[in-house]
Amino acid sequence: MAEPGRPVRSQGVAGTWPVGRASPAGGFAPAGFGIWPVIVETLGEWARAEAGPGRLLPWVPVAFGGGIALYFAADHEPVLWVVAATAAVLLLGAILLRRSRLLAPSIMIAAVASGFAVATWKTARIAHPVLAKPLYSVSLSGFVEARDIRERTDRFVLRVTAMEAQRSEVKLERVRLSVRKGTAPEVGSFVQLKARLMPPLSPVRPGSYDFSRDMFFQGIGASGFVMGAITASIPPDAGGLRLRYAAFMQGLRDAIDARIRATLEGDNRAIATALLTGRRDAISTPVNDAMFISGLGHVLSISGYHMAVVAGVVFFAVRALLALIPGLAAGFAIKNWSAAAALVAAAFYLLLSGAEVATQRSFFMTAVVLIAVMVDRRAITFRTLAVAALIVLAVAPEALVHPSFQMSFAATLGLVALVQIGMPNLFASPDHSATARVAMWGGREIAMLFLASLIAGLATTPYAAFHFHRVTPYGVLANLGAMPVVSALVMPAGLLGLLAAPFGLDGMFWWLMGIGIDWMVAVSRWVAALPGAVGRIPAFGIAPLIAASLGIIVMSLLRTPLRWCGAMVLLVSIGWGLSVRQPDILIAGDGASVAVRGGDGRLHLIRAGKDNFLLKEWLAADADPRDAGSSALASGISCDESGCVTPLADGRLVALASRIDALADDCSRAALVVTSRPAPPDCAAMVVDRPRLARQGALALTQRGDGFSVQAVRTRGTNRPWLPAGAGEGDFDGSLAPKAAPRSRDATPSETDLQADD
């Protein structure tokens with residue numbers, strides 16, 4: 001009980017501030033100096049509360065993920081045995097310090113080292129050749145491991161058994177090939193073909209997503225397209241158990257798609273197939289864009305939501321059926337049996353949908369929750385999420401840099417924080433209160449759906465802005481309108497359709513699923529058509545994203561008022577990201593396309609090819625609403641058969657020289673010359689030519705005085721298995737400066753040197 005006259009504390013926070021005492025004689029202390037001990041004591045109490053028993057476990061996967069992030073930030077591949085030995089020593093040190101005050105920091109340091117070591121080991125384990133330069137006619141033989149049915153073309157992954165190419169000795173293990181629609185071979189078949197192969201797609205600009213890294217961790221060393229016919233032949237061996245399993249699962253997916261096709265068609269069929277089998281490439285572009293603009297794009301990618309719905313429907317259905325049997329309901333733990341059945345259903349859904357990394361993460365999270373139910377532990381806790389995150393990152397450390405992992409775990413973290421912290425505070429009220437009366441009419445469920453959509457949307461916003469350069473202002477509205485129908489009709493009807501398909505009674509369920517999909521598509525189109533539905537965000541660096549992630553984690557994991565420090569960090573990261581200056585010039589890695597910011601502040605495009613994907617990425621990163629086919633992109637550009645020129649905002653010219661005979665004129669007139677050929681050494685302009693592009697890849701130039709600062713995809717010293725060092729010669733720094741004009745020497749002789757006859 002508080003003593004009279006002493007400040008009263010409530011939950012560790014000073015209720016009243018003590019009055020400042022007079023300073024001692026001969027000294028000086030400002031008024032209010034006595035509050036600092038109180039502040040320090042309060043902060044200490046909060047810190048001790050945050051470090052209480054069990055409170056540090058959720059921070060272990062954060063530290064583990066930090067180690068993985070450090071691995072991907074390295075310039076070159078670490079030495080595996082050194083990394084593994086370091087992690088082992090630090091783990092041993094943490095064990096020895098288990099009774100010391102240094103236990104918490106030692107565990108975090110060991111977790112960072114372990115994450116770094118696991119990522120290094122995963123890369124070393126799957127190491128395989130990666131194509132470095134294009135091959136235009138390659139003979140390939142191998143087994144078809146996977147197949148994608150897309151809107152315009154089909155695509156398959158070939159496990160190569162034999163490869164022949166002129167002037168190349170490289171032997172790839174897997175390649176991904178595109179074919180004419182309807183001509184992709186069956187999974188498990190052995191084929192022979194000719195193909196044109198290209199290196200995995202490098203980032204189209206510095207800081208953009210690295211697709212070559214994804215392909216490396218999928219075991220794919222090149223992509224391309226088939227030339228001519230595909231010939232099926234007798235394989236030299238059976239192909240192995242893994243190939244037979246892939247063929248069986250692909251056949252099962254094709255059978256499900258055929259059953260859905262018998263009832264639904266168009267986008268309804270494509271979306272239904274995507275929800276059940278994970279194949280979403282056949283969805284038309286307008287519907288796909290509307291789904292992502294409205295904030296419903298997460299429905300198309302099998303994630304934690306889908307896994308939770310499948311497990312939840314099976315859990316409650318099995319429990320309801322078992323409860324109808326009095327003997328079972330009274331004498332056995334039917335809840336545990338239901339959780340086991342739900343776990344089996346989730347595992348089958350994982351295999352049916354292709355077991356991609358995002359789906360694996362969802363399954364692990366669901367499995368941990370169901371196992372907690374089976375052992376009578378609380379299911380939705382930060383510990384559950386921490387264990388699931390550790391499992392996912394240990395199995396697939398590359399998932400950390402994938403947007404699906406980042407967005408899914410951010411949303412899940414926010415929702416767990418809502419359940420653990422927000423809900424008890426929000427609905428902690430007497431039964432006779434207004435809150436209770438509203439809850440009787442379903443107000444609590446509506447409020448929770450609104451809050452869940454809002455929290456999940458806000459938590460994923462930084463990652464959507466970083467990877468896709470857009471946000472969804474009306475995401476909550478779209479989720480409120482569509483998700484109840486998806487949860488109550490679309491997904492249950494799909495599960496019942498799967499169960500009824502072997503009996504030939506599935507048609508009605510696909511029809512019901514189509515009705516729900518019609519509603520979902522209608523909501524997405526309506527929301528996408530609202531004014532301001534497309535929230536475009538210009539590109540920003542990785543540092544603001546890391547700061548935003550730290551802010552979200554701190555706000556979610558901390559319980560004391562210290563969590564509001566996370567809100568401050570998040571606000572700083574938002575201002576930081578929005579204040580990033582956009583580059584003045586973008587140069588493609590092959591030197592065939594250049595985007596120049598003109599006097600109107602917009603990009604003007606010079607291009608020799610038709611790489612629409614690159615152009616879309618550049619425009620999206622610049623928050624430019626123009627379409628890739630807009631004629632305004634070419635305004636202010638002058639071209640002839642030798643190349644093109646366009647002015648910068650300050651009037652200086654940038655030239656793209658496509659022919660070598662144009663370099664002399666461009667070097668004398670332009671401030672910057674871009675060419676895919678070697679430039680002459682005496683060129684008076686600043687130059688970006690073949691050697692630099694081969695060494696550094698795509699470039700982003702920002703004006704600094706009369707010159708430019710240069711950001712490159714491959715910075716100096718970068719050499720990773722998925723992004724090997726360029727083959728160009730020379731070492732290039734991070735700037736371009738105008739070349740000094742050669743000074744004319746004074747030819748006047750001195751008087752002392754003149755001779756009599758001069």
# chains A, B, ... in the order shown; residues from 1 in each chain; ligands from 1

call {"tool": "residues_around", "arguments": {"residues": "Tyr136 in chain A", "least_positions_apart": "5", "cutoff": "10 Å", "atoms": "only C-alpha atoms", "output": "list of chain:residue names"}}
result
A:Ala165, A:Gln166, A:Lys194, A:Ala195, A:Arg196, A:Leu197, A:Met198, A:Gly224, A:Met227

call {"tool": "write_last_selection", "arguments": {"atoms": "N, CA, C and O atoms", "output": "PDB file, in the first residue's frame"}}
result
ATOM      1  N   ALA A 165      26.184 -28.078 -76.664  1.00  0.00           N
ATOM      2  CA  ALA A 165      26.130 -26.705 -77.169  1.00  0.00           C
ATOM      3  C   ALA A 165      27.460 -26.366 -77.814  1.00  0.00           C
ATOM      4  O   ALA A 165      28.517 -26.783 -77.333  1.00  0.00           O
ATOM      5  N   GLN A 166      27.407 -25.615 -78.899  1.00  0.00           N
ATOM      6  CA  GLN A 166      28.631 -25.205 -79.577  1.00  0.00           C
ATOM      7  C   GLN A 166      29.363 -24.155 -78.751  1.00  0.00           C
ATOM      8  O   GLN A 166      28.757 -23.272 -78.167  1.00  0.00           O
ATOM      9  N   LYS A 194      15.581 -29.017 -78.778  1.00  0.00           N
ATOM     10  CA  LYS A 194      16.551 -27.934 -78.952  1.00  0.00           C
ATOM     11  C   LYS A 194      15.970 -26.670 -78.333  1.00  0.00           C
ATOM     12  O   LYS A 194      14.758 -26.433 -78.404  1.00  0.00           O
ATOM     13  N   ALA A 195      16.830 -25.873 -77.728  1.00  0.00           N
ATOM     14  CA  ALA A 195      16.346 -24.696 -77.009  1.00  0.00           C
ATOM     15  C   ALA A 195      17.352 -23.573 -77.097  1.00  0.00           C
ATOM     16  O   ALA A 195      18.546 -23.794 -77.366  1.00  0.00           O
ATOM     17  N   ARG A 196      16.855 -22.379 -76.891  1.00  0.00           N
ATOM     18  CA  ARG A 196      17.696 -21.190 -76.712  1.00  0.00           C
ATOM     19  C   ARG A 196      17.689 -20.861 -75.227  1.00  0.00           C
ATOM     20  O   ARG A 196      16.618 -20.683 -74.637  1.00  0.00           O
ATOM     21  N   LEU A 197      18.863 -20.796 -74.633  1.00  0.00           N
ATOM     22  CA  LEU A 197      18.983 -20.598 -73.197  1.00  0.00           C
ATOM     23  C   LEU A 197      19.573 -19.237 -72.881  1.00  0.00           C
ATOM     24  O   LEU A 197      20.470 -18.759 -73.584  1.00  0.00           O
ATOM     25  N   MET A 198      19.065 -18.655 -71.819  1.00  0.00           N
ATOM     26  CA  MET A 198      19.549 -17.359 -71.341  1.00  0.00           C
ATOM     27  C   MET A 198      19.944 -17.486 -69.877  1.00  0.00           C
ATOM     28  O   MET A 198      19.394 -18.319 -69.148  1.00  0.00           O
ATOM     29  N   GLY A 224      14.749 -20.243 -70.820  1.00  0.00           N
ATOM     30  CA  GLY A 224      14.739 -20.025 -72.261  1.00  0.00           C
ATOM     31  C   GLY A 224      13.463 -20.544 -72.871  1.00  0.00           C
ATOM     32  O   GLY A 224      12.429 -20.660 -72.198  1.00  0.00           O
ATOM     33  N   MET A 227      12.928 -24.572 -79.260  1.00  0.00           N
ATOM     34  CA  MET A 227      12.992 -24.303 -80.698  1.00  0.00           C
ATOM     35  C   MET A 227      12.637 -25.595 -81.436  1.00  0.00           C
ATOM     36  O   MET A 227      13.366 -26.584 -81.351  1.00  0.00           O
TER      37      MET A 227
END

call {"tool": "atom_distance", "arguments": {"atom1": "CA of Arg716 in chain A", "atom2": "CA of Phe732 in chain A"}}
result
7.5 Å

call {"tool": "residues_around", "arguments": {"residues": "Ala464 in chain A", "least_positions_apart": "5", "cutoff": "8 Å", "atoms": "only C-alpha atoms", "output": "PyMOL selection string"}}
result
chain A and resi 403+407+469-471

call {"tool": "write_last_selection", "arguments": {"atoms": "all heavy atoms", "output": "short mmCIF file (atom, residue, chain, number, x, y, z; two decimals), in the first residue's frame"}}
result
data_model
loop_
_atom_site.label_atom_id
_atom_site.label_comp_id
_atom_site.auth_asym_id
_atom_site.auth_seq_id
_atom_site.Cartn_x
_atom_site.Cartn_y
_atom_site.Cartn_z
N PRO A 403 9.20 -12.00 -50.74
CA PRO A 403 8.10 -11.16 -50.23
C PRO A 403 6.98 -11.94 -49.56
O PRO A 403 6.36 -11.44 -48.63
CB PRO A 403 7.60 -10.43 -51.50
CG PRO A 403 8.18 -11.18 -52.65
CD PRO A 403 9.45 -11.78 -52.17
N MET A 407 5.69 -10.81 -45.90
CA MET A 407 4.33 -10.32 -45.73
C MET A 407 3.50 -11.26 -44.86
O MET A 407 2.72 -10.81 -44.01
CB MET A 407 3.67 -10.14 -47.10
CG MET A 407 4.37 -9.09 -47.97
SD MET A 407 3.65 -8.90 -49.61
CE MET A 407 2.12 -8.06 -49.21
N HIS A 469 5.93 -1.68 -55.06
CA HIS A 469 5.84 -0.22 -55.25
C HIS A 469 4.39 0.26 -55.27
O HIS A 469 4.05 1.19 -56.00
CB HIS A 469 6.55 0.21 -56.54
CG HIS A 469 7.90 -0.43 -56.71
ND1 HIS A 469 8.94 -0.19 -55.85
CD2 HIS A 469 8.37 -1.30 -57.64
CE1 HIS A 469 9.99 -0.89 -56.24
NE2 HIS A 469 9.67 -1.58 -57.30
N ARG A 470 3.56 -0.37 -54.49
CA ARG A 470 2.18 0.09 -54.38
C ARG A 470 1.58 -0.38 -53.06
O ARG A 470 2.03 -1.35 -52.46
CB ARG A 470 1.34 -0.43 -55.55
CG ARG A 470 1.24 -1.94 -55.65
CD ARG A 470 0.52 -2.36 -56.92
NE ARG A 470 0.44 -3.80 -57.05
CZ ARG A 470 0.07 -4.41 -58.17
NH1 ARG A 470 -0.24 -3.70 -59.24
NH2 ARG A 470 0.00 -5.73 -58.23
N VAL A 471 0.57 0.34 -52.63
CA VAL A 471 -0.17 -0.02 -51.44
C VAL A 471 -1.65 -0.10 -51.81
O VAL A 471 -2.06 0.32 -52.88
CB VAL A 471 0.05 1.02 -50.31
CG1 VAL A 471 1.49 1.01 -49.86
CG2 VAL A 471 -0.35 2.41 -50.76
#

call {"tool": "residues_around", "arguments": {"residues": "Leu545 in chain A", "least_positions_apart": "2", "cutoff": "12 Å", "atoms": "only C-alpha atoms", "output": "VMD selection string"}}
result
chain A and resid 207 401 403 406 459 to 467 539 to 543 547 to 552 569 to 578

call {"tool": "write_last_selection", "arguments": {"atoms": "C-alpha atoms", "output": "PDB file, in the first residue's frame"}}
result
ATOM      1  CA  GLY A 207      17.859  -2.674 -55.487  1.00  0.00           C
ATOM      2  CA  VAL A 401      14.281 -12.458 -48.652  1.00  0.00           C
ATOM      3  CA  PRO A 403       8.105 -11.160 -50.233  1.00  0.00           C
ATOM      4  CA  GLN A 406       7.953 -11.259 -45.155  1.00  0.00           C
ATOM      5  CA  ALA A 459       1.704  -4.867 -41.181  1.00  0.00           C
ATOM      6  CA  THR A 460       2.246  -5.895 -44.809  1.00  0.00           C
ATOM      7  CA  THR A 461       2.241  -2.364 -46.247  1.00  0.00           C
ATOM      8  CA  PRO A 462       6.024  -1.735 -45.978  1.00  0.00           C
ATOM      9  CA  TYR A 463       6.780  -4.977 -47.833  1.00  0.00           C
ATOM     10  CA  ALA A 464       4.183  -4.384 -50.547  1.00  0.00           C
ATOM     11  CA  ALA A 465       5.588  -0.882 -51.023  1.00  0.00           C
ATOM     12  CA  PHE A 466       9.176  -2.165 -51.208  1.00  0.00           C
ATOM     13  CA  HIS A 467       8.647  -5.133 -53.541  1.00  0.00           C
ATOM     14  CA  ALA A 539      11.337   2.694 -54.849  1.00  0.00           C
ATOM     15  CA  PHE A 540      13.374   3.034 -51.674  1.00  0.00           C
ATOM     16  CA  GLY A 541      16.383   1.179 -50.342  1.00  0.00           C
ATOM     17  CA  ILE A 542      16.617  -1.808 -48.058  1.00  0.00           C
ATOM     18  CA  ALA A 543      17.578   0.298 -45.013  1.00  0.00           C
ATOM     19  CA  ALA A 547      13.869  -0.055 -39.931  1.00  0.00           C
ATOM     20  CA  ALA A 548      10.154  -0.610 -40.617  1.00  0.00           C
ATOM     21  CA  SER A 549      10.543  -4.331 -39.852  1.00  0.00           C
ATOM     22  CA  LEU A 550      12.253  -3.530 -36.564  1.00  0.00           C
ATOM     23  CA  GLY A 551       9.463  -1.117 -35.668  1.00  0.00           C
ATOM     24  CA  ILE A 552       6.755  -3.713 -36.390  1.00  0.00           C
ATOM     25  CA  VAL A 569      11.002   3.781 -35.497  1.00  0.00           C
ATOM     26  CA  LEU A 570       8.210   2.935 -37.928  1.00  0.00           C
ATOM     27  CA  LEU A 571       7.365   6.599 -38.453  1.00  0.00           C
ATOM     28  CA  VAL A 572      11.030   7.401 -39.052  1.00  0.00           C
ATOM     29  CA  SER A 573      11.263   4.590 -41.602  1.00  0.00           C
ATOM     30  CA  ILE A 574       8.215   5.911 -43.463  1.00  0.00           C
ATOM     31  CA  GLY A 575       9.695   9.403 -43.709  1.00  0.00           C
ATOM     32  CA  TRP A 576      13.038   7.921 -44.670  1.00  0.00           C
ATOM     33  CA  GLY A 577      11.538   5.824 -47.456  1.00  0.00           C
ATOM     34  CA  LEU A 578       9.449   8.653 -48.893  1.00  0.00           C
TER      35      LEU A 578
END

call {"tool": "select_by_dssp", "arguments": {"residues": "range 184-314 of chain A", "states": "alpha helix (DSSP H)", "output": "ChimeraX atom specification"}}
result
/A:211-217,241-261,266-277,285-294,304-314

call {"tool": "closest_residue", "arguments": {"among": "A:Val369, A:Leu322, A:Leu653, A:Ala482", "to": "Gly516 in chain A", "atoms": "only C-alpha atoms"}}
result
A:Ala482

call {"tool": "residues_around", "arguments": {"residues": "Ala386 in chain A", "least_positions_apart": "5", "cutoff": "12 Å", "atoms": "only C-alpha atoms", "output": "JSON, numbers by chain"}}
result
{"A": [54, 55, 56, 57, 58, 59, 60, 61, 62, 63, 64, 65, 361, 364, 365, 368, 369, 380, 381, 391, 392, 393, 409, 412, 413, 416, 553, 557]}

call {"tool": "closest_residue", "arguments": {"among": "A:Thr120, A:Ser208, A:Ile220, A:Gly142", "to": "His76 in chain A", "atoms": "only C-alpha atoms"}}
result
A:Thr120

call {"tool": "select_by_dssp", "arguments": {"residues": "range 457-651 of chain A", "states": "strand (DSSP E or B)", "output": "list in words"}}
result
Arg470, Val471, Gly535, Arg536, Ile585, Leu586, Ile587, Ser593, Val594, Ala595, Val596, Arg597, Leu603, His604, Leu605, Ile606, Arg607, Ser638, Cys639, Asp640, Gly643, Cys644, Val645, Thr646 and Pro647 of chain A

call {"tool": "closest_residue", "arguments": {"among": "A:Ile587, A:Val344, A:Met520, A:Leu736", "to": "Pro206 in chain A", "atoms": "only C-alpha atoms"}}
result
A:Ile587

call {"tool": "atom_distance", "arguments": {"atom1": "CA of Thr277 in chain A", "atom2": "CA of Gly354 in chain A"}}
result
7.1 Å

call {"tool": "closest_residue", "arguments": {"among": "A:Ser303, A:Ser676, A:Gln711, A:Ser106", "to": "Ile660 in chain A", "atoms": "only C-alpha atoms"}}
result
A:Ser676

call {"tool": "residues_around", "arguments": {"residues": "Met249 in chain A", "least_positions_apart": "6", "cutoff": "10 Å", "atoms": "only C-alpha atoms", "output": "VMD selection string"}}
result
chain A and resid 146 187 243 255 277 351 to 354

call {"tool": "closest_residue", "arguments": {"among": "A:Ala685, A:Ala113, A:Leu477, A:Ile107", "to": "Val82 in chain A", "atoms": "only C-alpha atoms"}}
result
A:Ala113
